[in-house]
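Here is the structure we will look at.
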Amino acid sequence: NKESSSSRGALIVLEGLDRCGKTSQSGRLYKYLDEQGHSVESWRFPDRNTGVGQMISSYLANKSQLDDHAIHLLFSANRWEKRSLMEEKLKSGTTLIVDRYSYSGVAFSSAKGLDIEWCKAPEIGLLAPDLVVYLDISPEKAAERGGYGDERYEQLEFQKKVAGSYLSLRDSSWKVIDATLLIEDVEKKLREVVLDCMMTCHKGKPMSQLWP
Ligand code: NYM
């Protein structure tokens, strides 16, 4: 195709256990890319600002009880309600750094004992990330970092199960970064894989959908 189609943004997803450093790293990455002049936005799931997001937030704060399947579907709905905006942003050339995505959905719910295929089903058709970065830390080390709040799931025994679920979800396309390295070193490695991925998208890698 001779016509230069305007290039699209990349869908970058950060995953990992609670306290692995995802939120700090997405903030740093956002700042870096923004300063470099890229069109970039920082997103997170759950997005607690929507109606569905408020139900999720209340559940996580133990202020409401929900059946495990029901909360799973709410987390998924929370991604669906952002899907069209996500596609619009990517097509218009904006790179999205997303703190948690469908993998968190599947990892946390299947750690409760829900069937993994059942967990994956409602995610079918959401946009597939161009890059998944897993910030790798053992549940024990993550717990030592302190700051486990009072939210549901923030307990060592449960995080061990989540780690196991993530392990079965991981495939060879994921970039795994040792999250126990110095914060600057994690940041440096993250930049490398992200810039590389952005270049691939820029060159015309097509968008795809879950589960590829
Ligand atoms: N979580 C997050 C899920 O159980 N399913 C999901 O689909 C997503 C996106 O919510 N412990 C869990 C993981 C976290 C919690 O996330 C809130 P955060 O990143 O602490 O706001």
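Here's how to read the names in the structure tokens: chain A, B, ... by the order shown, residue numbers from 1 in each chain, ligand numbers from 1 in the order shown.
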Using only C-alpha atoms and all ligand atoms, find each residue in chain A having at least one atom no more than 7 Å away from ligand 1; report its shortest atom-to-atom pair and that distance in Å (one decimal), rows by chain then rising number, as a tab-separated table.
residue	atom	partner	partner_atom_place_in_ligand_line	distance
A:Asp18	CA	ligand 1	11 (N)	5.8
A:Phe45	CA	ligand 1	9 (C)	4.3
A:Pro46	CA	ligand 1	9 (C)	4.6
A:Leu60	CA	ligand 1	15 (C)	6.8
A:His72	CA	ligand 1	5 (N)	6.6
A:Phe75	CA	ligand 1	7 (O)	4.6
A:Ser76	CA	ligand 1	7 (O)	6.2
A:Asp99	CA	ligand 1	19 (O)	6.7
A:Arg100	CA	ligand 1	9 (C)	5.1
A:Tyr101	CA	ligand 1	9 (C)	5.1
A:Ser102	CA	ligand 1	7 (O)	5.7
A:Ser104	CA	ligand 1	6 (C)	4.6
A:Gly105	CA	ligand 1	7 (O)	3.0
A:Val106	CA	ligand 1	7 (O)	6.8
A:Phe108	CA	ligand 1	4 (O)	4.6
A:Ser109	CA	ligand 1	4 (O)	6.1
A:Arg152	CA	ligand 1	11 (N)	6.8
A:Tyr153	CA	ligand 1	11 (N)	5.4
A:Glu154	CA	ligand 1	11 (N)	6.3
Those selected residues, please, written with N, CA and C atoms and delivered as a PDB file, in the first residue's frame.
ATOM      1  N   ASP A  18      -0.621  -7.970  43.464  1.00  0.00           N
ATOM      2  CA  ASP A  18      -0.743  -6.723  44.212  1.00  0.00           C
ATOM      3  C   ASP A  18       0.616  -6.404  44.834  1.00  0.00           C
ATOM      4  N   PHE A  45      -7.563  -0.734  35.094  1.00  0.00           N
ATOM      5  CA  PHE A  45      -8.763  -1.514  35.393  1.00  0.00           C
ATOM      6  C   PHE A  45      -8.581  -2.155  36.755  1.00  0.00           C
ATOM      7  N   PRO A  46      -9.620  -2.193  37.623  1.00  0.00           N
ATOM      8  CA  PRO A  46     -10.917  -1.627  37.317  1.00  0.00           C
ATOM      9  C   PRO A  46     -10.878  -0.108  37.186  1.00  0.00           C
ATOM     10  N   LEU A  60     -14.699  -4.536  46.478  1.00  0.00           N
ATOM     11  CA  LEU A  60     -13.295  -4.677  46.895  1.00  0.00           C
ATOM     12  C   LEU A  60     -13.074  -4.135  48.302  1.00  0.00           C
ATOM     13  N   HIS A  72     -17.044 -11.354  38.744  1.00  0.00           N
ATOM     14  CA  HIS A  72     -16.193 -11.603  37.574  1.00  0.00           C
ATOM     15  C   HIS A  72     -16.767 -10.901  36.336  1.00  0.00           C
ATOM     16  N   PHE A  75     -16.275  -7.100  36.434  1.00  0.00           N
ATOM     17  CA  PHE A  75     -14.925  -6.696  36.011  1.00  0.00           C
ATOM     18  C   PHE A  75     -14.833  -6.714  34.481  1.00  0.00           C
ATOM     19  N   SER A  76     -15.430  -7.747  33.882  1.00  0.00           N
ATOM     20  CA  SER A  76     -15.393  -7.851  32.434  1.00  0.00           C
ATOM     21  C   SER A  76     -16.222  -6.734  31.783  1.00  0.00           C
ATOM     22  N   ASP A  99      -2.943  -0.435  33.347  1.00  0.00           N
ATOM     23  CA  ASP A  99      -2.582  -1.092  34.593  1.00  0.00           C
ATOM     24  C   ASP A  99      -3.679  -2.125  34.885  1.00  0.00           C
ATOM     25  N   ARG A 100      -3.416  -3.389  34.600  1.00  0.00           N
ATOM     26  CA  ARG A 100      -4.329  -4.543  34.711  1.00  0.00           C
ATOM     27  C   ARG A 100      -5.330  -4.594  33.556  1.00  0.00           C
ATOM     28  N   TYR A 101      -5.609  -5.845  33.150  1.00  0.00           N
ATOM     29  CA  TYR A 101      -6.559  -6.058  32.050  1.00  0.00           C
ATOM     30  C   TYR A 101      -7.185  -7.442  32.218  1.00  0.00           C
ATOM     31  N   SER A 102      -7.577  -8.065  31.133  1.00  0.00           N
ATOM     32  CA  SER A 102      -8.292  -9.344  31.211  1.00  0.00           C
ATOM     33  C   SER A 102      -7.540 -10.428  31.970  1.00  0.00           C
ATOM     34  N   SER A 104      -5.776 -10.087  34.672  1.00  0.00           N
ATOM     35  CA  SER A 104      -6.122  -9.952  36.093  1.00  0.00           C
ATOM     36  C   SER A 104      -7.483 -10.568  36.330  1.00  0.00           C
ATOM     37  N   GLY A 105      -8.396 -10.302  35.412  1.00  0.00           N
ATOM     38  CA  GLY A 105      -9.748 -10.844  35.545  1.00  0.00           C
ATOM     39  C   GLY A 105      -9.720 -12.355  35.685  1.00  0.00           C
ATOM     40  N   VAL A 106      -8.989 -13.001  34.782  1.00  0.00           N
ATOM     41  CA  VAL A 106      -8.943 -14.462  34.790  1.00  0.00           C
ATOM     42  C   VAL A 106      -8.120 -14.970  35.983  1.00  0.00           C
ATOM     43  N   PHE A 108      -7.413 -13.621  38.980  1.00  0.00           N
ATOM     44  CA  PHE A 108      -8.008 -13.479  40.318  1.00  0.00           C
ATOM     45  C   PHE A 108      -9.242 -14.370  40.479  1.00  0.00           C
ATOM     46  N   SER A 109     -10.087 -14.433  39.461  1.00  0.00           N
ATOM     47  CA  SER A 109     -11.296 -15.260  39.608  1.00  0.00           C
ATOM     48  C   SER A 109     -10.978 -16.747  39.593  1.00  0.00           C
ATOM     49  N   ARG A 152     -10.159  -6.608  49.663  1.00  0.00           N
ATOM     50  CA  ARG A 152     -10.307  -8.018  49.363  1.00  0.00           C
ATOM     51  C   ARG A 152      -9.130  -8.455  48.494  1.00  0.00           C
ATOM     52  N   TYR A 153      -8.703  -9.665  48.600  1.00  0.00           N
ATOM     53  CA  TYR A 153      -7.637 -10.297  47.807  1.00  0.00           C
ATOM     54  C   TYR A 153      -6.226 -10.000  48.308  1.00  0.00           C
ATOM     55  N   GLU A 154      -6.064  -8.950  49.139  1.00  0.00           N
ATOM     56  CA  GLU A 154      -4.709  -8.561  49.531  1.00  0.00           C
ATOM     57  C   GLU A 154      -4.239  -9.386  50.724  1.00  0.00           C
TER      58      GLU A 154
END
Query - Residues of range 117-167 of chain A in helix (DSSP H, G or I), written as a list in words - result: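 The helix (DSSP H, G or I) subset of range 117-167 of chain A is Glu117, Trp118, Cys119, Lys120, Ala121, Pro122, Glu123, Pro139, Glu140, Lys141, Ala142, Ala143, Glu144, Leu156, Glu157, Phe158, Gln159, Lys160, Lys161, Val162, Ala163, Gly164, Ser165, Tyr166 and Leu167 of chain A.
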For those residues, write C-alpha atoms to a file as a short mmCIF file (atom, residue, chain, number, x, y, z; two decimals), in the first residue's frame.
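As a result, result-v8.cif now contains:
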data_model
loop_
_atom_site.label_atom_id
_atom_site.label_comp_id
_atom_site.auth_asym_id
_atom_site.auth_seq_id
_atom_site.Cartn_x
_atom_site.Cartn_y
_atom_site.Cartn_z
CA GLU A 117 -12.35 -21.33 30.42
CA TRP A 118 -15.51 -19.90 31.95
CA CYS A 119 -13.43 -16.96 33.21
CA LYS A 120 -11.92 -16.33 29.78
CA ALA A 121 -15.20 -16.41 27.85
CA PRO A 122 -16.58 -12.92 28.60
CA GLU A 123 -13.25 -11.40 27.54
CA PRO A 139 3.94 -13.45 46.84
CA GLU A 140 6.18 -13.47 49.94
CA LYS A 141 8.32 -10.56 48.73
CA ALA A 142 5.25 -8.61 47.67
CA ALA A 143 3.75 -9.09 51.13
CA GLU A 144 6.99 -7.82 52.73
CA LEU A 156 -0.60 -13.80 51.15
CA GLU A 157 -2.40 -17.13 50.80
CA PHE A 158 -4.70 -15.81 48.11
CA GLN A 159 -1.88 -14.05 46.25
CA LYS A 160 -0.05 -17.40 46.07
CA LYS A 161 -3.01 -18.81 44.19
CA VAL A 162 -3.13 -15.77 41.91
CA ALA A 163 0.57 -16.24 41.13
CA GLY A 164 -0.21 -19.82 40.09
CA SER A 165 -3.05 -18.66 37.85
CA TYR A 166 -0.85 -16.05 36.18
CA LEU A 167 1.72 -18.74 35.53
#
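Of the listed residues (A:Tyr103, A:Lys31, A:Leu210, A:Arg48), A:Leu210 comes nearest to Leu127 in chain A; the distances count only C-alpha atoms.
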**Report entry** Residue nearest Thr200 in chain A among A:Asp171, A:Asp130, A:Asp136, A:Asp185 (counting only C-alpha atoms)
**Finding:** A:Asp130
Query raised in the report: What lies within 9 Å of Ser6 in chain A using only C-alpha atoms, ignoring chain neighbours under 2 positions off, as a list in words?
Result: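 Skipping anything fewer than 2 positions along the chain leaves Ser4, Arg8, Lys91, Ser92, Gly93 and His202 of chain A.
Residue nearest Lys205 in chain A, chosen from A:Asn62, A:Thr95, A:Trp174, A:Gly9 and counting only C-alpha atoms: A:Gly9.
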Query raised in the report: Looking only at the backbone, which of the residues in chain A does DSSP tag as strand (DSSP E or B), as an MDAnalysis selection string?
Result: chainID A and resid 11:15 40:44 95:99 127 131:136 175:178 209
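The environment of Gly51 in chain A within 12 Å, counting only C-alpha atoms and disregarding residues fewer than 4 places along the same chain, consists of Pro46, Asp47, Met55, Ile56, Ser57, Ser58, Leu74, Phe75, Ala77, Asn78 and Glu81 of chain A.
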Keeping only N, CA and C atoms, write the selected residues as a CSV table (one decimal), in the first residue's frame.
chain,number,residue,atom,x,y,z
A,46,PRO,N,-9.6,-2.2,37.6
A,46,PRO,CA,-10.9,-1.6,37.3
A,46,PRO,C,-10.9,-0.1,37.2
A,47,ASP,N,-11.7,0.4,36.3
A,47,ASP,CA,-11.9,1.9,36.2
A,47,ASP,C,-13.0,2.2,37.1
A,55,MET,N,-19.6,-0.3,41.7
A,55,MET,CA,-20.0,-1.5,42.3
A,55,MET,C,-18.8,-2.4,42.6
A,56,ILE,N,-17.8,-2.4,41.7
A,56,ILE,CA,-16.6,-3.2,41.9
A,56,ILE,C,-15.8,-2.6,43.1
A,57,SER,N,-15.7,-1.3,43.2
A,57,SER,CA,-15.0,-0.6,44.2
A,57,SER,C,-15.6,-1.0,45.6
A,58,SER,N,-16.9,-1.0,45.7
A,58,SER,CA,-17.6,-1.3,46.9
A,58,SER,C,-17.4,-2.7,47.3
A,74,LEU,N,-18.8,-8.4,36.3
A,74,LEU,CA,-18.7,-6.9,36.4
A,74,LEU,C,-17.3,-6.4,36.0
A,75,PHE,N,-16.3,-7.1,36.4
A,75,PHE,CA,-14.9,-6.7,36.0
A,75,PHE,C,-14.8,-6.7,34.5
A,77,ALA,N,-17.4,-6.5,32.3
A,77,ALA,CA,-18.3,-5.4,31.8
A,77,ALA,C,-17.6,-4.1,31.9
A,78,ASN,N,-16.8,-3.9,32.9
A,78,ASN,CA,-16.0,-2.7,33.1
A,78,ASN,C,-15.0,-2.4,32.0
A,81,GLU,N,-17.2,-1.7,28.7
A,81,GLU,CA,-17.7,-0.3,28.6
A,81,GLU,C,-16.7,0.7,28.1
